[in-house]
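Data first, discussion second: the structure below is written as C-alpha cells.
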Amino acid sequence: MKTLAPYHPEKFITNGDIEIAYDAFGDPRAKPLLLIMGLADQMITWHEKLCRVLADRGFFVIRFDNRDIGRSTWLEDEGAPNIPLLVLKKLLGMPVKTPYTLKDMALDALAVLDALGLESAHVMGASMGGMIAQTLALDHPERVRSLVSLISAPDILPNKNALKGMGKDIGDWIAGRDSDFQTISPSPSVFPFLLNPMPTDREGFVAFYTRLNLTVNGKGAPLNQEESRAHAHELFDRGLCPNGALRQLAGILASPSRNQRLKGLKTPALVIHGAKDPLIPVRLGMETARLIPGARLKIIKNMGHWLPLPVWGELLASLESFWDSCASRPFIVTG
C-alpha cells in the first residue's frame, strides 16, 4: 500500500493547562480531516497506513492524543476514580463529579484546529472519540463540516425506552433474530479491562493490550496478533498513563446524554458500526443514526470494536461515498 502523502511530525499545542500532542499527513491546503481516538488509546491507533490512504484521497489528516493518554497531559494528581460508584450515581441520577467531561475533550480537539489555523474540518471519531466528535458538532457546528461517528453511541448508559420499536428501522437485520442485534449492553468479557488500571510494566502491558484487542474485536475479522503486540510496544514507548483510561471513562460518565440534542443536529453525518461489536453493541450505532436527521448508517458485518485491515476496503468505500456527497453540499451553518 504505497502512498505519496507527506508526514508532518508530532508537535504540541495547549488548551489552558492541557498540552496536546498531534501530528498530520498530507497537504495542509487539502480538506482538513480531524481524527479523534477512543478510550484508553493513543493517536497512533489511527494506523499510519490508513492516515496516508486518507491523505492520498485528498485530505489533510490530523490525529492527536486525547488528554490523559500518550504524550498529551496526564492528570495523575487526580488519582484513580471509583468507576462502579460513578456508574451507580449515574444510574440513580446523582451528580457525577470528575476532573473533566467530553465537553472539555471536545475543546481540546477545537484547540488543535485553532493551532493549525483551520476554521472547520471534517471530523471522524471512534468509540469515545465518536462521543467527543458528536459533542464537538453539537457545541460548535460552525467548526464541523461533516461528522463520522464510528463504533460509538449517543450515551454511555442508553435509555432502553429509546430503543423500543426499532424493528422497522433495521428491517432485515432484526428479521434474522441475530443476537448481536438484540442487546444494548456490553459483553461481560470487556468489564475487567474497563474497571482496572493497566499494567505498568512492558510485558504486562503488551499482554493486557493484546488480550484487550482480541476481546473487543469479538467475532469480527481476524486480527494480526503480531501486529497487535508490536503496536502495544509502540504505545508503551510513547508513554503509559496508569489511571488515564479510568479518568477518561469517568469523564464519559459525567457527561450528559446526547439523545435529545442529536435530534437537532444539522451537520451531515455518517454512522459506521460493526455488527459484532461486544463493547458498544451495534444497536447503539443504529440508535445514533436514528437520532441524527438524515444520517447515513453503515453496518460492517465482520467488524467488532476494532479496525483490522480486512474491513478497510468496506470502511473506505463508505467514507468516500459519504464525503463525495458532502462535497456537493455547501457548508452552511444556521442558527
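Letters for chains follow the order of the C-alpha cells (A, B, ...), residue numbers begin at 1 for each chain, and ligand numbers begin at 1 in the order shown.
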
Self-check item: Picked from stretch 94-147 of chain A by DSSP as strand (DSSP E), as a PyMOL selection string
Solution: chain A and resi 121-126+144-147

Please dump the current selection as a PDB file, in the first residue's frame; keep all heavy atoms.
ATOM      1  N   ALA A 121     -13.420  21.594   9.887  1.00  0.00           N
ATOM      2  CA  ALA A 121     -12.831  20.349   9.407  1.00  0.00           C
ATOM      3  C   ALA A 121     -13.902  19.270   9.338  1.00  0.00           C
ATOM      4  O   ALA A 121     -14.931  19.343  10.020  1.00  0.00           O
ATOM      5  CB  ALA A 121     -11.699  19.900  10.332  1.00  0.00           C
ATOM      6  N   HIS A 122     -13.667  18.275   8.515  1.00  0.00           N
ATOM      7  CA  HIS A 122     -14.404  17.024   8.616  1.00  0.00           C
ATOM      8  C   HIS A 122     -13.893  16.334   9.879  1.00  0.00           C
ATOM      9  O   HIS A 122     -12.688  16.370  10.158  1.00  0.00           O
ATOM     10  CB  HIS A 122     -14.166  16.156   7.386  1.00  0.00           C
ATOM     11  CG  HIS A 122     -14.637  16.776   6.109  1.00  0.00           C
ATOM     12  ND1 HIS A 122     -15.942  16.707   5.684  1.00  0.00           N
ATOM     13  CD2 HIS A 122     -13.970  17.516   5.173  1.00  0.00           C
ATOM     14  CE1 HIS A 122     -16.069  17.360   4.539  1.00  0.00           C
ATOM     15  NE2 HIS A 122     -14.891  17.862   4.206  1.00  0.00           N
ATOM     16  N   VAL A 123     -14.771  15.701  10.626  1.00  0.00           N
ATOM     17  CA  VAL A 123     -14.381  15.112  11.914  1.00  0.00           C
ATOM     18  C   VAL A 123     -14.850  13.665  11.965  1.00  0.00           C
ATOM     19  O   VAL A 123     -16.020  13.368  11.683  1.00  0.00           O
ATOM     20  CB  VAL A 123     -14.980  15.903  13.098  1.00  0.00           C
ATOM     21  CG1 VAL A 123     -14.602  15.247  14.424  1.00  0.00           C
ATOM     22  CG2 VAL A 123     -14.504  17.357  13.069  1.00  0.00           C
ATOM     23  N   MET A 124     -13.928  12.769  12.312  1.00  0.00           N
ATOM     24  CA  MET A 124     -14.266  11.359  12.499  1.00  0.00           C
ATOM     25  C   MET A 124     -13.749  10.907  13.848  1.00  0.00           C
ATOM     26  O   MET A 124     -12.565  11.070  14.159  1.00  0.00           O
ATOM     27  CB  MET A 124     -13.667  10.498  11.389  1.00  0.00           C
ATOM     28  CG  MET A 124     -13.919   9.004  11.579  1.00  0.00           C
ATOM     29  SD  MET A 124     -13.717   8.006  10.068  1.00  0.00           S
ATOM     30  CE  MET A 124     -11.969   8.252   9.715  1.00  0.00           C
ATOM     31  N   GLY A 125     -14.630  10.335  14.654  1.00  0.00           N
ATOM     32  CA  GLY A 125     -14.244   9.854  15.978  1.00  0.00           C
ATOM     33  C   GLY A 125     -14.638   8.406  16.165  1.00  0.00           C
ATOM     34  O   GLY A 125     -15.707   7.980  15.718  1.00  0.00           O
ATOM     35  N   ALA A 126     -13.763   7.644  16.834  1.00  0.00           N
ATOM     36  CA  ALA A 126     -14.020   6.232  17.094  1.00  0.00           C
ATOM     37  C   ALA A 126     -14.291   6.001  18.568  1.00  0.00           C
ATOM     38  O   ALA A 126     -13.543   6.477  19.427  1.00  0.00           O
ATOM     39  CB  ALA A 126     -12.815   5.392  16.652  1.00  0.00           C
ATOM     40  N   VAL A 144     -17.512  22.070  12.242  1.00  0.00           N
ATOM     41  CA  VAL A 144     -17.564  20.675  11.797  1.00  0.00           C
ATOM     42  C   VAL A 144     -18.271  20.593  10.442  1.00  0.00           C
ATOM     43  O   VAL A 144     -19.481  20.784  10.338  1.00  0.00           O
ATOM     44  CB  VAL A 144     -18.290  19.794  12.841  1.00  0.00           C
ATOM     45  CG1 VAL A 144     -18.344  18.338  12.364  1.00  0.00           C
ATOM     46  CG2 VAL A 144     -17.583  19.887  14.191  1.00  0.00           C
ATOM     47  N   ARG A 145     -17.511  20.284   9.393  1.00  0.00           N
ATOM     48  CA  ARG A 145     -18.077  20.191   8.040  1.00  0.00           C
ATOM     49  C   ARG A 145     -18.918  18.930   7.877  1.00  0.00           C
ATOM     50  O   ARG A 145     -19.930  18.932   7.189  1.00  0.00           O
ATOM     51  CB  ARG A 145     -16.951  20.197   6.999  1.00  0.00           C
ATOM     52  CG  ARG A 145     -16.079  21.443   7.011  1.00  0.00           C
ATOM     53  CD  ARG A 145     -15.086  21.414   5.860  1.00  0.00           C
ATOM     54  NE  ARG A 145     -14.101  22.485   5.992  1.00  0.00           N
ATOM     55  CZ  ARG A 145     -13.177  22.759   5.086  1.00  0.00           C
ATOM     56  NH1 ARG A 145     -13.116  22.018   3.978  1.00  0.00           N
ATOM     57  NH2 ARG A 145     -12.312  23.740   5.277  1.00  0.00           N
ATOM     58  N   SER A 146     -18.440  17.846   8.451  1.00  0.00           N
ATOM     59  CA  SER A 146     -19.192  16.587   8.447  1.00  0.00           C
ATOM     60  C   SER A 146     -18.751  15.777   9.648  1.00  0.00           C
ATOM     61  O   SER A 146     -17.662  15.984  10.197  1.00  0.00           O
ATOM     62  CB  SER A 146     -18.960  15.797   7.153  1.00  0.00           C
ATOM     63  OG  SER A 146     -17.646  15.260   7.116  1.00  0.00           O
ATOM     64  N   LEU A 147     -19.610  14.850  10.054  1.00  0.00           N
ATOM     65  CA  LEU A 147     -19.363  14.029  11.233  1.00  0.00           C
ATOM     66  C   LEU A 147     -19.412  12.559  10.860  1.00  0.00           C
ATOM     67  O   LEU A 147     -20.377  12.102  10.240  1.00  0.00           O
ATOM     68  CB  LEU A 147     -20.433  14.321  12.299  1.00  0.00           C
ATOM     69  CG  LEU A 147     -20.531  13.346  13.484  1.00  0.00           C
ATOM     70  CD1 LEU A 147     -19.287  13.434  14.361  1.00  0.00           C
ATOM     71  CD2 LEU A 147     -21.796  13.629  14.307  1.00  0.00           C
TER      72      LEU A 147
END

Quiz item: Can you tell me, as a PyMOL selection string, what residues are no more than 8 Å from stretch 61-72 of chain A when counting only C-alpha atoms, ignoring any on the same chain fewer than 6 positions away?
Solution: chain A and resi 18-26+32-37+40-44+46+51-52+54-55+105+108+235+238-241+244-245+247-248

Self-check item: Near-A:Phe205 list (10 Å; only C-alpha atoms; drop same-chain fewer than 2 positions) as a list in words
Solution: Met198, Pro199, Thr200, Asp201, Arg202, Glu203, Ala207, Phe208, Tyr209, Thr210, Arg211, Arg229, Ala232, His233, Leu235, Phe236 and Leu240 of chain A

Would you save the residues of that selection, restricted to C-alpha atoms, as a tab-separated table (two decimals), in the first residue's frame?
chain	number	residue	atom	x	y	z
A	198	MET	CA	-3.46	-1.05	33.02
A	199	PRO	CA	-0.29	-2.93	33.99
A	200	THR	CA	2.66	-0.55	34.13
A	201	ASP	CA	5.46	-2.95	33.13
A	202	ARG	CA	6.19	-3.51	29.43
A	203	GLU	CA	5.43	-7.23	29.16
A	207	ALA	CA	-0.13	-8.95	27.15
A	208	PHE	CA	-3.00	-6.84	28.52
A	209	TYR	CA	-3.36	-4.78	25.33
A	210	THR	CA	-3.23	-7.82	23.04
A	211	ARG	CA	-5.95	-9.56	25.08
A	229	ARG	CA	1.83	-6.86	20.03
A	232	ALA	CA	1.39	-2.33	22.10
A	233	HIS	CA	5.17	-1.88	22.34
A	235	LEU	CA	2.15	2.61	22.80
A	236	PHE	CA	4.26	1.72	25.82
A	240	LEU	CA	1.69	4.85	29.58

Quiz prompt | DSSP helix (DSSP H, G or I) residues within stretch 34-281 of chain A, listed as a VMD selection string | solution = chain A and resid 43 to 45 48 to 56 76 to 78 83 to 91 102 to 115 128 to 139 141 to 143 160 to 163 167 to 175 179 to 181 188 to 195 202 to 217 225 to 238 244 to 253 259 to 262

Practice problem: Excluding A:Asp104 and any residue of its chain fewer than 2 positions from it, enumerate the residues within 10 Å of it, using only C-alpha atoms, and give them as number ranges by chain. | Solution: A: 15, 67, 99-102, 106-110, 132, 135-136, 251, 255

Practice problem: Find, counting only C-alpha atoms, the residue in A:Thr267, A:Ser228, A:Ser152, A:Asn302 that gets nearest to A:Cys326. | Solution: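 Counting only C-alpha atoms, the residue closest to A:Cys326 is A:Thr267.
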
Quiz item: For A:Ser149, which residue among A:Ala115, A:Met286, A:Pro186, A:Asn82 is the nearest when counting only C-alpha atoms?
Solution: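 Of A:Ala115, A:Met286, A:Pro186, A:Asn82, the one nearest A:Ser149 is A:Met286, counting only C-alpha atoms.
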
Quiz prompt | Using only C-alpha atoms: which of A:Pro154, A:Gly264, A:Pro192, A:Pro9 has the shortest distance to A:Gly129 | solution =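 Selected residue with least distance to A:Gly129: A:Pro154.
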
Exercise. Kindly give the distance, in Å, that separates atom CA of A:Ile300 and atom CA of A:His273, rounded to a single decimal.
Key: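 One can read the atom CA of A:Ile300 to atom CA of A:His273 distance as 6.2 Å.
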
Exercise. Kindly indicate which residue among A:Gly204, A:Pro222, A:Pro28, A:Gly274 lies nearest to A:Leu116, using only C-alpha atoms for the distances.
Key: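 When distances to A:Leu116 are compared using only C-alpha atoms, the smallest one comes from A:Pro28.
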
Quiz item: Pick the closest to A:Ala317 from A:Ile272, A:Leu265, A:Ala295, A:Ser189: which is it, counting only C-alpha atoms?
Solution: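 Closest to A:Ala317 of all the choices is A:Ile272.
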
Exercise. Have a look at atom CA of A:Ala327 and atom CA of A:Pro268 and let me know their distance in Å, one decimal.
Key: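 Interatomic distance, atom CA of A:Ala327 to atom CA of A:Pro268: 10.7 Å.
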
Quiz prompt | One-decimal distance in Å that lies between atom CA of A:Gly117 and atom CA of A:Thr73 | solution = 22.0 Å

Quiz item: What lies within 7 Å of A:Gly285 using only C-alpha atoms, ignoring chain neighbours under 3 positions off, as a ChimeraX atom specification?
Solution: /A:151-153,271,273,282,288-289

Exercise. Kindly indicate which residue among A:Pro6, A:Trp306, A:Asn213, A:Ala254 lies nearest to A:Leu91, using only C-alpha atoms for the distances.
Key: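 With only C-alpha atoms as the atom set, the closest residue is A:Ala254.
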